[in-house]
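Structure file structure02.cif; described as mmCIF, C-alpha atoms (C1' of nucleotides).
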data_coords
#
loop_
_atom_site.label_atom_id
_atom_site.label_comp_id
_atom_site.auth_asym_id
_atom_site.auth_seq_id
_atom_site.Cartn_x
_atom_site.Cartn_y
_atom_site.Cartn_z
CA MET A 1 -24.73 2.85 23.36
CA THR A 2 -25.56 -0.79 23.59
CA ALA A 3 -24.05 -1.26 27.00
CA ALA A 4 -25.21 -4.85 26.68
CA GLU A 5 -22.21 -5.62 24.53
CA THR A 6 -20.74 -8.29 26.74
CA PRO A 7 -18.21 -6.23 28.63
CA ASP A 8 -16.15 -9.28 29.37
CA GLU A 9 -12.75 -8.48 30.78
CA THR A 10 -11.14 -11.55 29.29
CA THR A 11 -11.34 -10.24 25.79
CA VAL A 12 -8.22 -8.18 25.75
CA THR A 13 -6.44 -8.87 28.98
CA PRO A 14 -4.22 -5.87 29.12
CA GLY A 15 -1.52 -6.31 31.68
CA ASP A 16 -2.08 -4.43 34.86
CA ARG A 17 1.41 -3.19 35.46
CA PRO A 18 2.25 0.30 34.28
CA ALA A 19 4.82 -1.08 31.90
CA ASP A 20 2.19 -3.25 30.27
CA VAL A 21 -0.12 -0.35 29.87
CA ALA A 22 2.70 1.61 28.33
CA VAL A 23 3.50 -1.16 25.87
CA GLU A 24 -0.16 -1.29 24.99
CA THR A 25 -0.16 2.42 24.35
CA ILE A 26 2.99 2.30 22.30
CA GLN A 27 1.54 -0.41 20.16
CA ARG A 28 -1.70 1.44 19.65
CA GLU A 29 -0.09 4.74 18.84
CA MET A 30 2.56 3.36 16.55
CA THR A 31 -0.16 1.51 14.70
CA ALA A 32 -2.32 4.56 14.42
CA PHE A 33 0.56 6.53 13.10
CA ALA A 34 1.54 3.90 10.57
CA ARG A 35 -1.98 3.68 9.30
CA ARG A 36 -2.10 7.37 8.55
CA ALA A 37 1.44 7.95 7.37
CA ARG A 38 1.17 6.91 3.76
CA ALA A 39 -1.99 8.74 3.01
CA SER A 40 -0.97 11.93 4.71
CA ALA A 41 2.42 11.83 3.06
CA GLY A 42 0.72 11.38 -0.27
CA ARG A 43 -1.57 14.31 0.39
CA MET A 44 1.35 16.52 1.28
CA HIS A 45 3.45 15.61 -1.73
CA PRO A 46 1.53 14.05 -4.56
CA GLU A 47 4.73 14.17 -6.52
CA LEU A 48 6.74 11.90 -4.29
CA SER A 49 5.30 8.95 -2.43
CA LEU A 50 6.61 7.93 0.92
CA VAL A 51 8.49 5.10 -0.68
CA SER A 52 9.96 7.17 -3.45
CA TYR A 53 10.97 9.70 -0.89
CA THR A 54 12.86 7.22 1.24
CA LEU A 55 14.45 5.70 -1.83
CA LEU A 56 15.64 9.09 -3.00
CA GLY A 57 16.82 9.84 0.48
CA HIS A 58 18.88 6.70 0.56
CA LEU A 59 20.35 7.53 -2.79
CA GLU A 60 21.37 10.95 -1.66
CA GLU A 61 22.77 9.70 1.60
CA ARG A 62 24.82 7.06 -0.14
CA GLY A 63 25.57 9.02 -3.24
CA GLY A 64 24.31 6.28 -5.51
CA CYS A 65 23.75 2.58 -5.07
CA ARG A 66 22.36 -0.45 -6.78
CA ALA A 67 18.71 -1.40 -6.96
CA THR A 68 19.46 -4.56 -5.06
CA ASP A 69 20.91 -2.53 -2.23
CA LEU A 70 17.71 -0.55 -1.98
CA ALA A 71 15.69 -3.74 -2.02
CA THR A 72 17.59 -5.41 0.78
CA HIS A 73 17.88 -2.25 2.79
CA TYR A 74 14.17 -1.59 2.72
CA ALA A 75 13.08 -5.20 2.67
CA LEU A 76 11.31 -4.72 -0.62
CA ASP A 77 11.10 -7.11 -3.48
CA LYS A 78 13.48 -6.37 -6.29
CA SER A 79 10.60 -6.13 -8.71
CA THR A 80 9.07 -3.43 -6.56
CA VAL A 81 12.28 -1.49 -6.50
CA SER A 82 12.71 -1.99 -10.20
CA ARG A 83 9.35 -0.41 -10.90
CA GLN A 84 9.87 2.36 -8.43
CA VAL A 85 13.18 3.18 -9.96
CA SER A 86 11.67 3.06 -13.42
CA ALA A 87 9.11 5.62 -12.34
CA LEU A 88 11.75 7.78 -10.77
CA GLU A 89 13.76 7.59 -13.92
CA ARG A 90 10.78 8.43 -16.09
CA THR A 91 10.22 11.55 -14.04
CA ASP A 92 13.89 12.30 -14.29
CA LEU A 93 14.65 12.11 -10.59
CA VAL A 94 17.26 9.39 -10.82
CA GLU A 95 19.50 8.13 -13.53
CA ARG A 96 21.11 4.76 -14.08
CA ARG A 97 24.72 4.29 -14.90
CA VAL A 98 25.84 0.87 -15.94
CA ASP A 99 28.68 -0.32 -13.80
CA PRO A 100 31.70 -0.74 -16.08
CA ASP A 101 33.01 -3.56 -13.87
CA ASP A 102 29.83 -5.56 -13.99
CA HIS A 103 27.44 -4.92 -16.79
CA ARG A 104 24.59 -6.47 -14.86
CA VAL A 105 24.48 -3.76 -12.26
CA GLN A 106 23.37 -0.24 -12.82
CA VAL A 107 24.32 2.25 -10.22
CA LEU A 108 21.53 4.66 -9.42
CA HIS A 109 22.20 8.34 -8.94
CA LEU A 110 20.06 11.30 -8.14
CA THR A 111 19.74 13.75 -10.98
CA GLU A 112 19.91 17.43 -10.32
CA THR A 113 16.14 17.54 -10.47
CA GLY A 114 15.98 14.63 -8.10
CA ARG A 115 18.20 16.40 -5.67
CA ARG A 116 16.12 19.51 -5.91
CA ILE A 117 12.78 17.78 -5.49
CA LEU A 118 14.09 15.72 -2.63
CA ALA A 119 15.36 18.81 -0.88
CA GLN A 120 12.06 20.50 -1.43
CA VAL A 121 10.00 17.65 -0.07
CA THR A 122 12.39 17.17 2.81
CA ASP A 123 12.02 20.79 3.63
CA SER A 124 8.29 20.69 3.46
CA ARG A 125 8.17 17.58 5.60
CA ARG A 126 10.50 19.15 8.07
CA THR A 127 8.26 22.15 8.29
CA ALA A 128 5.28 19.97 8.98
CA PHE A 129 7.09 18.04 11.66
CA ARG A 130 8.40 21.18 13.22
CA GLU A 131 4.97 22.66 13.36
CA ARG A 132 3.69 19.54 14.94
CA LEU A 133 6.46 19.52 17.47
CA ALA A 134 6.62 23.25 17.92
CA ASP A 135 5.52 23.42 21.52
CA TRP A 136 7.62 20.52 22.70
CA PRO A 137 10.41 21.32 25.10
CA GLU A 138 13.77 20.53 23.64
CA GLU A 139 14.43 17.93 26.25
CA ASP A 140 11.34 15.98 25.20
CA LEU A 141 12.28 16.19 21.55
CA LEU A 142 15.67 14.73 22.26
CA ARG A 143 14.26 11.93 24.31
CA PHE A 144 11.52 11.15 21.86
CA ALA A 145 14.03 11.00 19.02
CA ALA A 146 16.25 8.72 21.02
CA TYR A 147 13.37 6.43 21.87
CA LEU A 148 12.34 6.14 18.25
CA GLU A 149 15.84 5.34 17.14
CA ARG A 150 16.15 2.77 19.80
CA TYR A 151 12.82 1.27 18.90
CA ASN A 152 13.60 1.05 15.22
CA ALA A 153 17.11 -0.17 15.73
CA TRP A 154 15.85 -3.32 17.31
CA GLN A 155 16.85 -6.31 15.28
CA GLY A 156 14.28 -9.02 15.61
CA ALA A 157 16.12 -12.08 16.81
CA GLY A 158 14.49 -14.43 14.37
CA ALA A 159 13.57 -11.74 11.90
CA ALA A 160 15.03 -11.34 8.46
CA PRO A 161 18.69 -10.50 8.87
CA ALA A 162 18.36 -8.10 5.99
CA ALA A 163 17.13 -4.52 6.15
CA GLU A 164 17.74 -1.82 8.68
CA ASN A 165 19.59 1.38 8.18
CA GLY A 166 23.03 0.54 9.23
CA LYS A 167 24.82 3.46 7.60
CA MET L 1 31.08 7.50 -1.26
CA THR L 2 31.63 9.48 -4.41
CA ALA L 3 32.61 12.60 -2.58
CA ALA L 4 32.32 14.28 -5.94
CA GLU L 5 28.57 14.25 -5.49
CA THR L 6 28.19 17.99 -5.10
CA PRO L 7 28.18 18.19 -1.34
CA ASP L 8 26.32 21.45 -1.37
CA GLU L 9 25.09 22.42 2.05
CA THR L 10 21.94 23.98 0.75
CA THR L 11 20.53 20.65 -0.24
CA VAL L 12 19.13 19.62 3.06
CA THR L 13 19.80 22.41 5.45
CA PRO L 14 19.28 20.56 8.66
CA GLY L 15 19.02 23.00 11.50
CA ASP L 16 22.02 23.11 13.70
CA ARG L 17 20.27 23.31 17.01
CA PRO L 18 19.82 20.05 18.90
CA ALA L 19 16.09 20.45 18.68
CA ASP L 20 16.30 20.58 14.90
CA VAL L 21 18.40 17.50 14.79
CA ALA L 22 15.89 15.80 17.03
CA VAL L 23 13.00 16.79 14.80
CA GLU L 24 14.93 15.47 11.86
CA THR L 25 15.46 12.19 13.62
CA ILE L 26 11.86 11.92 14.67
CA GLN L 27 10.76 12.48 11.13
CA ARG L 28 13.16 9.94 9.75
CA GLU L 29 12.36 7.28 12.30
CA MET L 30 8.63 7.72 12.17
CA THR L 31 8.82 7.45 8.42
CA ALA L 32 10.96 4.36 8.57
CA PHE L 33 8.57 2.77 10.95
CA ALA L 34 5.54 3.64 8.89
CA ARG L 35 7.11 2.22 5.78
CA ARG L 36 7.62 -1.14 7.42
CA ALA L 37 4.54 -1.37 9.55
CA ARG L 38 2.05 -2.58 7.02
CA ALA L 39 4.22 -5.23 5.52
CA SER L 40 5.40 -6.59 8.83
CA ALA L 41 1.88 -6.58 10.19
CA GLY L 42 0.76 -8.48 7.15
CA ARG L 43 3.52 -11.01 7.60
CA MET L 44 2.61 -11.54 11.21
CA HIS L 45 -1.11 -11.91 10.63
CA PRO L 46 -2.03 -12.74 7.09
CA GLU L 47 -5.57 -13.09 8.28
CA LEU L 48 -6.03 -9.55 9.48
CA SER L 49 -4.46 -6.57 7.80
CA LEU L 50 -3.41 -3.55 9.75
CA VAL L 51 -6.49 -1.71 8.60
CA SER L 52 -8.88 -4.51 9.39
CA TYR L 53 -7.25 -4.81 12.73
CA THR L 54 -7.74 -1.20 13.64
CA LEU L 55 -11.29 -1.27 12.35
CA LEU L 56 -12.09 -4.29 14.45
CA GLY L 57 -10.40 -2.67 17.39
CA HIS L 58 -12.53 0.40 17.05
CA LEU L 59 -15.62 -1.72 16.86
CA GLU L 60 -14.73 -3.53 20.00
CA GLU L 61 -13.81 -0.40 21.84
CA ARG L 62 -17.08 1.25 20.91
CA GLY L 63 -19.20 -1.81 21.00
CA GLY L 64 -20.49 -1.22 17.52
CA CYS L 65 -20.69 1.82 15.31
CA ARG L 66 -21.63 2.95 11.84
CA ALA L 67 -19.45 2.67 8.76
CA THR L 68 -19.45 6.43 8.47
CA ASP L 69 -18.04 6.71 11.95
CA LEU L 70 -15.18 4.46 10.99
CA ALA L 71 -14.60 6.48 7.86
CA THR L 72 -14.44 9.83 9.60
CA HIS L 73 -12.50 8.49 12.54
CA TYR L 74 -9.83 6.98 10.35
CA ALA L 75 -10.00 9.56 7.60
CA LEU L 76 -10.88 6.93 5.04
CA ASP L 77 -13.26 7.21 2.17
CA LYS L 78 -16.62 5.66 2.82
CA SER L 79 -16.19 3.42 -0.17
CA THR L 80 -13.01 2.08 1.32
CA VAL L 81 -14.71 1.36 4.59
CA SER L 82 -17.62 -0.16 2.78
CA ARG L 83 -15.39 -2.66 1.06
CA GLN L 84 -13.37 -3.38 4.16
CA VAL L 85 -16.51 -4.03 6.09
CA SER L 86 -17.81 -6.23 3.31
CA ALA L 87 -14.68 -8.29 3.54
CA LEU L 88 -14.94 -8.49 7.30
CA GLU L 89 -18.51 -9.57 6.98
CA ARG L 90 -17.67 -12.18 4.40
CA THR L 91 -15.14 -13.67 6.75
CA ASP L 92 -17.69 -13.49 9.51
CA LEU L 93 -15.77 -11.11 11.73
CA VAL L 94 -18.39 -8.40 11.86
CA GLU L 95 -22.11 -8.33 11.36
CA ARG L 96 -24.41 -5.53 10.31
CA ARG L 97 -27.60 -4.67 12.08
CA VAL L 98 -29.89 -2.20 10.45
CA ASP L 99 -30.69 0.63 12.78
CA PRO L 100 -34.42 0.53 13.47
CA ASP L 101 -34.47 4.31 13.91
CA ASP L 102 -32.84 5.02 10.58
CA HIS L 103 -32.98 2.38 7.95
CA ARG L 104 -30.08 3.89 6.09
CA VAL L 105 -27.58 3.13 8.78
CA GLN L 106 -26.33 -0.27 9.68
CA VAL L 107 -24.63 -0.60 12.98
CA LEU L 108 -21.57 -2.78 12.82
CA HIS L 109 -20.82 -5.28 15.52
CA LEU L 110 -18.09 -7.75 16.13
CA THR L 111 -19.18 -11.32 15.87
CA GLU L 112 -17.96 -13.86 18.36
CA THR L 113 -15.41 -14.97 15.82
CA GLY L 114 -14.41 -11.40 15.27
CA ARG L 115 -13.90 -10.89 18.94
CA ARG L 116 -11.85 -14.02 19.16
CA ILE L 117 -9.64 -13.27 16.19
CA LEU L 118 -9.15 -9.72 17.33
CA ALA L 119 -8.12 -10.88 20.77
CA GLN L 120 -5.77 -13.37 19.24
CA VAL L 121 -4.09 -10.89 16.96
CA THR L 122 -3.97 -8.31 19.70
CA ASP L 123 -2.28 -10.81 21.88
CA SER L 124 0.23 -11.76 19.26
CA ARG L 125 0.97 -8.14 18.52
CA ARG L 126 1.36 -7.42 22.19
CA THR L 127 3.82 -10.22 22.51
CA ALA L 128 5.85 -8.87 19.63
CA PHE L 129 5.88 -5.40 21.08
CA ARG L 130 6.74 -6.66 24.50
CA GLU L 131 9.62 -8.61 23.13
CA ARG L 132 10.82 -5.60 21.29
CA LEU L 133 10.55 -3.44 24.36
CA ALA L 134 11.64 -6.09 26.79
CA ASP L 135 14.85 -4.48 27.90
CA TRP L 136 13.44 -0.99 28.25
CA PRO L 137 13.29 0.43 31.74
CA GLU L 138 9.74 1.07 32.81
CA GLU L 139 10.39 4.75 33.06
CA ASP L 140 11.35 4.93 29.41
CA LEU L 141 8.32 2.93 28.37
CA LEU L 142 6.04 5.33 30.14
CA ARG L 143 7.69 8.33 28.63
CA PHE L 144 7.79 6.87 25.15
CA ALA L 145 4.12 6.02 25.37
CA ALA L 146 3.30 9.51 26.52
CA TYR L 147 5.30 11.06 23.71
CA LEU L 148 3.56 8.98 21.11
CA GLU L 149 0.16 9.87 22.45
CA ARG L 150 1.06 13.47 22.48
CA TYR L 151 2.43 13.30 18.99
CA ASN L 152 -0.61 11.57 17.58
CA ALA L 153 -3.05 13.71 19.47
CA TRP L 154 -1.90 16.76 17.60
CA GLN L 155 -4.73 18.12 15.55
CA GLY L 156 -3.41 19.92 12.54
CA ALA L 157 -4.67 23.46 12.78
CA GLY L 158 -5.73 23.59 9.17
CA ALA L 159 -6.36 19.88 8.96
CA ALA L 160 -9.72 18.32 8.47
CA PRO L 161 -11.87 19.28 11.42
CA ALA L 162 -13.56 15.95 11.09
CA ALA L 163 -12.31 12.79 12.75
CA GLU L 164 -11.81 12.02 16.36
CA ASN L 165 -14.25 10.48 18.70
CA GLY L 166 -16.65 13.11 19.75
CA LYS L 167 -19.27 10.78 21.20
"C1'" DA O 1 -44.91 16.59 -2.58
"C1'" DT O 2 -40.53 18.10 -3.75
"C1'" DT O 3 -36.14 19.13 -2.72
"C1'" DT O 4 -32.19 18.34 -0.08
"C1'" DC O 5 -29.23 15.73 2.69
"C1'" DA O 6 -26.93 11.60 4.67
"C1'" DA O 7 -25.46 6.46 4.58
"C1'" DG O 8 -23.82 3.04 1.79
"C1'" DT O 9 -22.65 0.61 -2.55
"C1'" DT O 10 -20.58 0.04 -6.93
"C1'" DG O 11 -17.70 1.20 -11.04
"C1'" DT O 12 -13.30 2.55 -12.15
"C1'" DA O 13 -8.61 3.55 -11.71
"C1'" DC O 14 -4.11 4.01 -9.58
"C1'" DT O 15 -0.30 2.83 -6.36
"C1'" DC O 16 2.37 -0.39 -3.83
"C1'" DT O 17 3.53 -4.73 -3.32
"C1'" DA O 18 4.92 -9.75 -3.89
"C1'" DC O 19 5.88 -13.90 -6.39
"C1'" DA O 20 7.27 -16.36 -10.28
"C1'" DA O 21 9.23 -16.66 -14.68
"C1'" DC O 22 12.50 -14.86 -17.34
"C1'" DC O 23 16.90 -12.64 -19.51
"C1'" DA O 24 21.66 -11.18 -19.24
"C1'" DG O 25 26.06 -10.98 -17.58
"C1'" DC O 26 29.66 -12.97 -14.43
"C1'" DA O 27 32.20 -16.92 -12.36
"C1'" DA O 28 33.73 -21.50 -11.56
"C1'" DT O 29 34.54 -26.04 -13.40
"C1'" DG O 30 35.93 -29.67 -16.37
"C1'" DC P 1 36.03 -23.00 -24.43
"C1'" DA P 2 31.37 -24.94 -23.11
"C1'" DT P 3 28.44 -25.93 -19.27
"C1'" DT P 4 26.49 -24.96 -15.10
"C1'" DG P 5 25.19 -21.97 -11.68
"C1'" DC P 6 24.72 -17.52 -9.33
"C1'" DT P 7 23.41 -12.59 -9.25
"C1'" DG P 8 21.21 -8.16 -10.87
"C1'" DG P 9 17.27 -6.69 -13.07
"C1'" DT P 10 12.80 -6.74 -15.79
"C1'" DT P 11 8.22 -8.21 -16.86
"C1'" DG P 12 3.76 -10.74 -16.28
"C1'" DT P 13 0.32 -11.36 -13.12
"C1'" DA P 14 -2.26 -10.74 -9.09
"C1'" DG P 15 -4.12 -8.75 -4.95
"C1'" DA P 16 -4.61 -5.26 -1.27
"C1'" DG P 17 -5.79 -0.60 -0.17
"C1'" DT P 18 -7.27 3.46 -1.53
"C1'" DA P 19 -9.89 7.47 -3.67
"C1'" DC P 20 -13.33 9.73 -6.51
"C1'" DA P 21 -17.50 9.95 -8.78
"C1'" DA P 22 -22.00 8.27 -9.79
"C1'" DC P 23 -25.82 6.10 -7.98
"C1'" DT P 24 -29.58 4.18 -4.59
"C1'" DT P 25 -32.23 4.53 -0.71
"C1'" DG P 26 -34.09 6.42 3.24
"C1'" DA P 27 -34.78 10.61 6.24
"C1'" DA P 28 -35.67 15.53 6.83
"C1'" DA P 29 -37.03 20.02 5.63
"C1'" DT P 30 -39.74 23.11 3.09
#
Would you mind giving the structure from this file in structure tokens?
Amino acid sequence: MTAAETPDETTVTPGDRPADVAVETIQREMTAFARRARASAGRMHPELSLVSYTLLGHLEERGGCRATDLATHYALDKSTVSRQVSALERTDLVERRVDPDDHRVQVLHLTETGRRILAQVTDSRRTAFRERLADWPEEDLLRFAAYLERYNAWQGAGAAPAAENGK
Amino acid sequence: MTAAETPDETTVTPGDRPADVAVETIQREMTAFARRARASAGRMHPELSLVSYTLLGHLEERGGCRATDLATHYALDKSTVSRQVSALERTDLVERRVDPDDHRVQVLHLTETGRRILAQVTDSRRTAFRERLADWPEEDLLRFAAYLERYNAWQGAGAAPAAENGK
DNA sequence: ATTTCAAGTTGTACTCTACAACCAGCAATG
DNA sequence: CATTGCTGGTTGTAGAGTACAACTTGAAAT
């Protein structure tokens, strides 16, 4: 429709080389994915938002850590983490234990419930991903995983030196 | 840390096969990316949120479409789209033209400004992505792009049969 | 003409988020 | 020890993004 929409080529100027096209595609697809992720995650598990999920995951992986650690690791404001943690505590998924060495800090730990819910959501998410990737040859799965890791591992030169899952 | 954290194996049950590990990784990395995307996009372009950007992109790609089309395509509520479009109109990035055939519908079009801003943001995003992918061999770029497309193209069997550009 | 349907808008509410102001411990200094 | 300053966390406030439900208006079907 409306072919008279000024089909000027200068508007976007996608590079001509295959690599440029690929970068373009990567950008587009990553963006599309990101746009959907939150909502779809929320639909799947109304009980545990994407953020809560990753927070809980970090807690389990580390076996407890401080709110500040979560904040820096995920590049979130400490107030955000504070509220998230409050919510998680209210729903009895995490508990706070005041650090005896420093009464300012409170080490966060998963509760049994938290561990259970996390496992449950993880499982459900895994199922969804598996279904989605069911017909992929193993070789492609491995490569795709490697690419994603590589992509995410990139540390922006000038970017905030914080964040990133070092582990 | 805290090895006394009940290291029960049943908690996560990651499959042992390489493919399972890969799926796990894909899930984790896609999630990590999604979590950051919005914020980083916002930091890069305070003028155009990730959503606005994709909306504008769709408009350009299609050369105008209805709000409902945007809603179904992006699986957003029509009220959400309505408000987004309002904002885009207020900032003079899109304009509405009432469809002469059906006075209910208003076809959305990019304005000149909209086209310009979109191109500008697209360019800036492309630069960022290129930088990030600078040291990737072309072969990997092509494969990564293909994987992402394939991943995103997946239509959940039971998912909403709506969406996607029929046209 | 009346009912039904589709496109959009508006009211309301909730989540996620940041920033700024603040409080409470710890640490260093005189 | 008292003062100053830093760090971990909370709370007030604000804004984006979103959904759902109720409503308006125009089109279509009967």
Fit result for chain A on chain L over all paired C-alpha atoms, given as a compact mmCIF listing (two decimals) with C-alpha atoms, in the frame of the given file:
# COMPACT_ATOMS: atom_id res chain seq x y z
CA MET A 1 32.01 5.78 -2.92
CA THR A 2 31.81 8.59 -5.38
CA ALA A 3 32.89 11.24 -2.94
CA ALA A 4 32.57 13.63 -5.86
CA GLU A 5 28.84 13.75 -5.35
CA THR A 6 28.58 17.46 -4.76
CA PRO A 7 28.58 17.50 -0.99
CA ASP A 8 26.84 20.82 -0.93
CA GLU A 9 25.59 21.80 2.48
CA THR A 10 22.68 23.78 1.11
CA THR A 11 20.84 20.73 -0.03
CA VAL A 12 19.14 19.83 3.18
CA THR A 13 19.85 22.62 5.59
CA PRO A 14 19.15 20.85 8.81
CA GLY A 15 18.83 23.29 11.63
CA ASP A 16 21.82 23.46 13.88
CA ARG A 17 20.08 23.65 17.20
CA PRO A 18 19.60 20.43 19.11
CA ALA A 19 15.86 20.80 18.88
CA ASP A 20 16.07 20.97 15.11
CA VAL A 21 18.18 17.89 14.98
CA ALA A 22 15.67 16.16 17.19
CA VAL A 23 12.77 17.16 14.97
CA GLU A 24 14.73 15.89 12.01
CA THR A 25 15.26 12.59 13.76
CA ILE A 26 11.65 12.29 14.78
CA GLN A 27 10.56 12.88 11.25
CA ARG A 28 12.98 10.35 9.86
CA GLU A 29 12.16 7.67 12.36
CA MET A 30 8.42 8.12 12.23
CA THR A 31 8.63 7.89 8.47
CA ALA A 32 10.75 4.80 8.58
CA PHE A 33 8.35 3.19 10.94
CA ALA A 34 5.31 4.08 8.89
CA ARG A 35 6.89 2.70 5.78
CA ARG A 36 7.43 -0.67 7.38
CA ALA A 37 4.30 -0.94 9.48
CA ARG A 38 1.84 -2.21 6.94
CA ALA A 39 4.03 -4.84 5.47
CA SER A 40 5.26 -6.17 8.76
CA ALA A 41 1.75 -6.20 10.15
CA GLY A 42 0.63 -8.12 7.12
CA ARG A 43 3.43 -10.62 7.54
CA MET A 44 2.53 -11.17 11.16
CA HIS A 45 -1.18 -11.64 10.57
CA PRO A 46 -2.10 -12.45 7.02
CA GLU A 47 -5.62 -12.88 8.25
CA LEU A 48 -6.14 -9.35 9.44
CA SER A 49 -4.65 -6.31 7.76
CA LEU A 50 -3.61 -3.31 9.73
CA VAL A 51 -6.72 -1.52 8.62
CA SER A 52 -9.06 -4.36 9.38
CA TYR A 53 -7.43 -4.68 12.73
CA THR A 54 -7.98 -1.06 13.67
CA LEU A 55 -11.53 -1.20 12.37
CA LEU A 56 -12.27 -4.26 14.47
CA GLY A 57 -10.60 -2.61 17.40
CA HIS A 58 -12.80 0.41 17.07
CA LEU A 59 -15.85 -1.77 16.85
CA GLU A 60 -14.94 -3.60 19.99
CA GLU A 61 -14.08 -0.44 21.85
CA ARG A 62 -17.36 1.17 20.89
CA GLY A 63 -19.44 -1.95 20.95
CA GLY A 64 -20.76 -1.36 17.46
CA CYS A 65 -21.02 1.68 15.25
CA ARG A 66 -21.95 2.79 11.79
CA ALA A 67 -19.74 2.56 8.74
CA THR A 68 -19.82 6.31 8.42
CA ASP A 69 -18.45 6.64 11.92
CA LEU A 70 -15.52 4.44 11.01
CA ALA A 71 -14.94 6.46 7.87
CA THR A 72 -14.86 9.81 9.60
CA HIS A 73 -12.92 8.51 12.54
CA TYR A 74 -10.18 7.06 10.39
CA ALA A 75 -10.37 9.62 7.64
CA LEU A 76 -11.19 6.97 5.09
CA ASP A 77 -13.54 7.20 2.21
CA LYS A 78 -16.89 5.61 2.81
CA SER A 79 -16.41 3.37 -0.18
CA THR A 80 -13.21 2.07 1.36
CA VAL A 81 -14.93 1.34 4.62
CA SER A 82 -17.82 -0.24 2.79
CA ARG A 83 -15.51 -2.69 1.08
CA GLN A 84 -13.53 -3.37 4.19
CA VAL A 85 -16.66 -4.08 6.10
CA SER A 86 -17.92 -6.29 3.31
CA ALA A 87 -14.75 -8.33 3.55
CA LEU A 88 -15.01 -8.52 7.29
CA GLU A 89 -18.56 -9.66 6.97
CA ARG A 90 -17.69 -12.26 4.37
CA THR A 91 -15.14 -13.71 6.74
CA ASP A 92 -17.69 -13.56 9.49
CA LEU A 93 -15.83 -11.15 11.72
CA VAL A 94 -18.51 -8.50 11.84
CA GLU A 95 -22.21 -8.49 11.30
CA ARG A 96 -24.57 -5.74 10.23
CA ARG A 97 -27.77 -4.96 11.98
CA VAL A 98 -30.13 -2.57 10.31
CA ASP A 99 -31.01 0.26 12.61
CA PRO A 100 -34.76 0.04 13.26
CA ASP A 101 -34.94 3.82 13.67
CA ASP A 102 -33.29 4.58 10.38
CA HIS A 103 -33.30 1.92 7.75
CA ARG A 104 -30.41 3.55 5.94
CA VAL A 105 -27.92 2.84 8.66
CA GLN A 106 -26.61 -0.53 9.59
CA VAL A 107 -24.92 -0.81 12.90
CA LEU A 108 -21.80 -2.94 12.76
CA HIS A 109 -21.01 -5.42 15.49
CA LEU A 110 -18.22 -7.83 16.10
CA THR A 111 -19.25 -11.44 15.84
CA GLU A 112 -17.99 -13.94 18.32
CA THR A 113 -15.40 -15.02 15.79
CA GLY A 114 -14.47 -11.43 15.24
CA ARG A 115 -13.97 -10.93 18.91
CA ARG A 116 -11.86 -14.02 19.13
CA ILE A 117 -9.68 -13.22 16.14
CA LEU A 118 -9.23 -9.67 17.29
CA ALA A 119 -8.18 -10.83 20.72
CA GLN A 120 -5.78 -13.27 19.18
CA VAL A 121 -4.16 -10.74 16.90
CA THR A 122 -4.06 -8.17 19.66
CA ASP A 123 -2.33 -10.66 21.82
CA SER A 124 0.16 -11.58 19.19
CA ARG A 125 0.86 -7.94 18.45
CA ARG A 126 1.26 -7.23 22.10
CA THR A 127 3.75 -10.02 22.38
CA ALA A 128 5.75 -8.63 19.52
CA PHE A 129 5.75 -5.16 20.98
CA ARG A 130 6.67 -6.45 24.37
CA GLU A 131 9.56 -8.37 22.97
CA ARG A 132 10.71 -5.32 21.17
CA LEU A 133 10.43 -3.22 24.26
CA ALA A 134 11.57 -5.88 26.66
CA ASP A 135 14.77 -4.25 27.80
CA TRP A 136 13.33 -0.79 28.18
CA PRO A 137 13.16 0.60 31.68
CA GLU A 138 9.63 1.21 32.76
CA GLU A 139 10.22 4.89 33.05
CA ASP A 140 11.20 5.10 29.39
CA LEU A 141 8.18 3.11 28.32
CA LEU A 142 5.89 5.48 30.13
CA ARG A 143 7.52 8.51 28.65
CA PHE A 144 7.63 7.09 25.17
CA ALA A 145 3.94 6.22 25.36
CA ALA A 146 3.12 9.68 26.57
CA TYR A 147 5.12 11.28 23.80
CA LEU A 148 3.37 9.23 21.15
CA GLU A 149 -0.03 10.08 22.50
CA ARG A 150 0.85 13.68 22.60
CA TYR A 151 2.22 13.56 19.09
CA ASN A 152 -0.83 11.85 17.67
CA ALA A 153 -3.27 13.95 19.59
CA TRP A 154 -2.15 17.03 17.78
CA GLN A 155 -4.96 18.49 15.79
CA GLY A 156 -3.63 20.21 12.73
CA ALA A 157 -4.91 23.75 12.85
CA GLY A 158 -5.98 23.84 9.25
CA ALA A 159 -6.28 20.10 8.91
CA ALA A 160 -9.49 18.21 8.40
CA PRO A 161 -11.58 18.65 11.52
CA ALA A 162 -12.64 15.05 11.20
CA ALA A 163 -10.75 12.01 12.44
CA GLU A 164 -8.81 11.45 15.60
CA ASN A 165 -9.62 9.08 18.37
CA GLY A 166 -11.56 11.16 20.72
CA LYS A 167 -13.15 8.36 22.73
Original post:
Any chance you could work out the residue set of the PyMOL selection byres ((chain O) within 7 of (chain A)) here, as a PyMOL selection string?
Top reply: chain O and resi 17-18+25
**OP:** Evaluate the PyMOL selection byres ((chain A) within 8 of (chain L)) here and jot the selected residues down as a ChimeraX atom specification.
**Re:** /A:1-3,5,11-12,18-19,22-27,29-38,50-51,62-63,115-116,119,122-123,125-126,129-130,132-133,138,140-142,144-145,147-149,151-152,154,156
Subject >> Residue members of the PyMOL selection byres ((chain P) within 12 of (chain A)) in the file shown, as a VMD selection string >> reply: chain P and resid 7 to 12 17 to 19
**OP:** Tell me, in Å to one decimal, how far atom C1' of DA28 of chain O is from atom C1' of DT3 of chain P.
**Re:**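 Value for the atom C1' of DA28 of chain O-atom C1' of DT3 of chain P distance: 10.3 Å.
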